[in-house]
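Worksheet: the structure to be examined is printed underneath.
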Amino acid sequence: MAEKSFCIKARGYFLPSGYRDGGYLNVRDGVIEGVADEPGQGLEVVDLGDATVAPGFVDTHIHGYADHDFMDCDTKGNHEILRALARKGTTSILATTLTASTEAIYESCAAIAKTVDEREDDSAEARIQGIFLEGPFFTEKHKGAQNAAYLCPPSLDKLSGWQKSARGLIRKSAIAPEYEGAVEYVRGAAKMGVRVALGHSDATCEQGRRAVDAGANVFVHTYNGMSGLHHRMPGLVGCAMTTDNTYAEVISDGLHVRPEAIDVLVRAKGWDEVALVSDCLRCGGMPDGDYMLGELPIVLKGGVARLRDEGNIAGSVLTLGKAVRNIVDWGIESLEHAVAMATIVPARSAGIDDRCGEILPGRAADLVVLGTDLGVKATYIGGVKVA
């Protein structure tokens, strides 16, 4: 069994109260005891030098990695995704589906639930904290890389069936709010414990606000796949920027959204309502070449994944470690805030902040070690060092 009791000495720690210089992070039996001025009794000190320690990254929108996708309905492949992500600093995720047939989504949810059941306590894998259904309740104009053959209006009956196959793991479901019945869907989803996100939509700002007033609280990869901000038609982007107590996902790879536009979003919402997500595909961590996104062929070239037939950008190959570094390098936010945007902010947006996103006594020791260059130097999951 891997050693799970130790004391980390580092340059500093990203804690709920803010950044703390120095001290010792005590971990016993894989559980955080806290950060103190002295090492915990009987704990061996692991000296990390000038590195800093943050909560493990929380990715609430990710389809796959390392040539596997959660829509493959393959538990072995799912475990490969989780192990690969752990090595990149991500310790908690919402496994994300995409627009597909009712049956395919049902099977994917069942496979994800089985993957959770199979996870061992000392596993060197990121934790699946829930499922995000990205589709199929979108509209044609901003479908992006979603399969138009399966687009349909929001259906609580379908959601209920998928939630049953997922054994209650679905935490978030995305819709286009211009659909008739969108408000009823948002309210009904809430009764099932599912938060609703808005995206892949040509909705007006007013239509988005009605969904928010009904309980929707997340905007799917803001700017991408939604009606844009115009001075006479604010669109869904305008809705994201002007609604309180909502969270705007953003893909900070510099390809999906220009740094200046991310800066505008952060200034409008505040860093504490902008959640960094990867929207990573199976081609994450892989060389350039041909891949599949569900039933759609995609091409990865020069770090950009596009639909082979239509040319639309199709998700990313981003990791949250790189996303955080970009936010800092672009001068948009401090490292402290950038870390929060990849940990506690997405966790709060998905309602999983009771189990991940912060370094707190009693929590599993899911940690990421950042070097002075902000690169991921090591990851701990439940106190087990995995990278």
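By order of appearance in the structure tokens: chains A, B, ..., then residues from 1 within every chain, and ligands from 1 in the order shown.
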I'd like the neighbourhood of range 99-104 of chain A as a PDB file with N, CA and C atoms, in the first residue's frame, where a residue qualifies if any of its atoms comes within 9 Å (using only C-alpha atoms), though same-chain residues fewer than 5 positions away should be ignored.
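Here's the written file out-v9.pdb:
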ATOM      1  N   MET A  71     -17.958   8.608 -23.982  1.00  0.00           N
ATOM      2  CA  MET A  71     -19.017   8.075 -24.834  1.00  0.00           C
ATOM      3  C   MET A  71     -18.645   6.715 -25.431  1.00  0.00           C
ATOM      4  N   CYS A  73     -18.266   4.179 -23.698  1.00  0.00           N
ATOM      5  CA  CYS A  73     -18.959   3.205 -22.827  1.00  0.00           C
ATOM      6  C   CYS A  73     -18.030   2.051 -22.461  1.00  0.00           C
ATOM      7  N   CYS A 109     -23.850   6.725 -19.433  1.00  0.00           N
ATOM      8  CA  CYS A 109     -24.110   6.983 -18.015  1.00  0.00           C
ATOM      9  C   CYS A 109     -23.911   5.717 -17.184  1.00  0.00           C
ATOM     10  N   LEU A 133     -24.185  16.261 -18.691  1.00  0.00           N
ATOM     11  CA  LEU A 133     -24.800  15.955 -19.980  1.00  0.00           C
ATOM     12  C   LEU A 133     -24.713  17.194 -20.866  1.00  0.00           C
ATOM     13  N   GLU A 134     -23.750  17.195 -21.782  1.00  0.00           N
ATOM     14  CA  GLU A 134     -23.652  18.312 -22.726  1.00  0.00           C
ATOM     15  C   GLU A 134     -24.474  17.953 -23.964  1.00  0.00           C
ATOM     16  N   GLY A 135     -25.750  18.225 -23.896  1.00  0.00           N
ATOM     17  CA  GLY A 135     -26.656  17.864 -24.975  1.00  0.00           C
ATOM     18  C   GLY A 135     -27.536  16.711 -24.551  1.00  0.00           C
ATOM     19  N   PRO A 136     -28.528  16.358 -25.377  1.00  0.00           N
ATOM     20  CA  PRO A 136     -28.733  16.766 -26.772  1.00  0.00           C
ATOM     21  C   PRO A 136     -29.711  17.940 -26.959  1.00  0.00           C
ATOM     22  N   PHE A 137     -29.980  18.677 -25.877  1.00  0.00           N
ATOM     23  CA  PHE A 137     -31.059  19.668 -25.915  1.00  0.00           C
ATOM     24  C   PHE A 137     -30.572  21.024 -26.421  1.00  0.00           C
ATOM     25  N   PHE A 138     -29.960  21.021 -27.607  1.00  0.00           N
ATOM     26  CA  PHE A 138     -29.408  22.225 -28.205  1.00  0.00           C
ATOM     27  C   PHE A 138     -30.129  22.557 -29.513  1.00  0.00           C
ATOM     28  N   GLN A 146     -21.496  19.422 -31.970  1.00  0.00           N
ATOM     29  CA  GLN A 146     -22.547  18.496 -31.543  1.00  0.00           C
ATOM     30  C   GLN A 146     -23.240  17.922 -32.779  1.00  0.00           C
ATOM     31  N   ASN A 147     -23.639  16.670 -32.700  1.00  0.00           N
ATOM     32  CA  ASN A 147     -24.234  15.973 -33.844  1.00  0.00           C
ATOM     33  C   ASN A 147     -25.681  16.423 -34.046  1.00  0.00           C
ATOM     34  N   ALA A 148     -25.932  17.148 -35.150  1.00  0.00           N
ATOM     35  CA  ALA A 148     -27.259  17.723 -35.407  1.00  0.00           C
ATOM     36  C   ALA A 148     -28.345  16.671 -35.552  1.00  0.00           C
ATOM     37  N   ALA A 149     -27.975  15.444 -35.905  1.00  0.00           N
ATOM     38  CA  ALA A 149     -28.965  14.379 -36.100  1.00  0.00           C
ATOM     39  C   ALA A 149     -29.715  14.046 -34.820  1.00  0.00           C
ATOM     40  N   TYR A 150     -29.133  14.399 -33.666  1.00  0.00           N
ATOM     41  CA  TYR A 150     -29.741  14.009 -32.393  1.00  0.00           C
ATOM     42  C   TYR A 150     -30.217  15.200 -31.567  1.00  0.00           C
ATOM     43  N   LEU A 151     -30.182  16.405 -32.117  1.00  0.00           N
ATOM     44  CA  LEU A 151     -30.685  17.558 -31.378  1.00  0.00           C
ATOM     45  C   LEU A 151     -32.174  17.420 -31.139  1.00  0.00           C
ATOM     46  N   LYS A 158     -36.508  11.949 -20.522  1.00  0.00           N
ATOM     47  CA  LYS A 158     -35.187  11.438 -20.903  1.00  0.00           C
ATOM     48  C   LYS A 158     -34.186  11.635 -19.776  1.00  0.00           C
ATOM     49  N   TRP A 162     -31.936   8.746 -17.928  1.00  0.00           N
ATOM     50  CA  TRP A 162     -30.469   8.799 -17.855  1.00  0.00           C
ATOM     51  C   TRP A 162     -29.999   8.828 -16.400  1.00  0.00           C
ATOM     52  N   GLY A 294     -17.677  11.113 -30.773  1.00  0.00           N
ATOM     53  CA  GLY A 294     -18.928  10.395 -30.985  1.00  0.00           C
ATOM     54  C   GLY A 294     -18.912   9.759 -32.365  1.00  0.00           C
ATOM     55  N   GLU A 295     -19.876  10.133 -33.197  1.00  0.00           N
ATOM     56  CA  GLU A 295     -19.941   9.616 -34.561  1.00  0.00           C
ATOM     57  C   GLU A 295     -19.293  10.530 -35.580  1.00  0.00           C
TER      58      GLU A 295
END
Report the closest atom pair, with its distance in Å rounded to one decimal, for each residue of range 322-369 of chain A that has an atom no farther than 12 Å from range 203-221 of chain A; count only C-alpha atoms, sort by chain and then rising residue number, and write it as a Markdown table.
| residue | atom | partner | partner_atom | distance |
| --- | --- | --- | --- | --- |
| A:Val345 | CA | A:Val218 | CA | 11.3 |
| A:Pro346 | CA | A:Val218 | CA | 9.7 |
| A:Ala347 | CA | A:Val218 | CA | 11.8 |
| A:Arg348 | CA | A:Asn217 | CA | 10.4 |
| A:Ser349 | CA | A:Val218 | CA | 6.8 |
| A:Ala350 | CA | A:Val218 | CA | 8.4 |
| A:Gly351 | CA | A:Asn217 | CA | 10.5 |
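When DSSP reads the backbone of this structure, the residues of range 123-226 of chain A it assigns to strand (DSSP E) are A:Arg127, A:Ile128, A:Gln129, A:Gly130, A:Ile131, A:Phe132, A:Leu133, A:Glu134, A:Gly135, A:Pro136, A:Phe137, A:Ile170, A:Arg171, A:Lys172, A:Ser173, A:Ala174, A:Ile175, A:Arg195, A:Val196, A:Ala197, A:Leu198, A:Val218, A:Phe219.
Using only C-alpha atoms, the smallest distance between any of A:Gly144, A:Val304, A:Ile131, A:Ser92 and Leu159 in chain A comes from A:Ile131.
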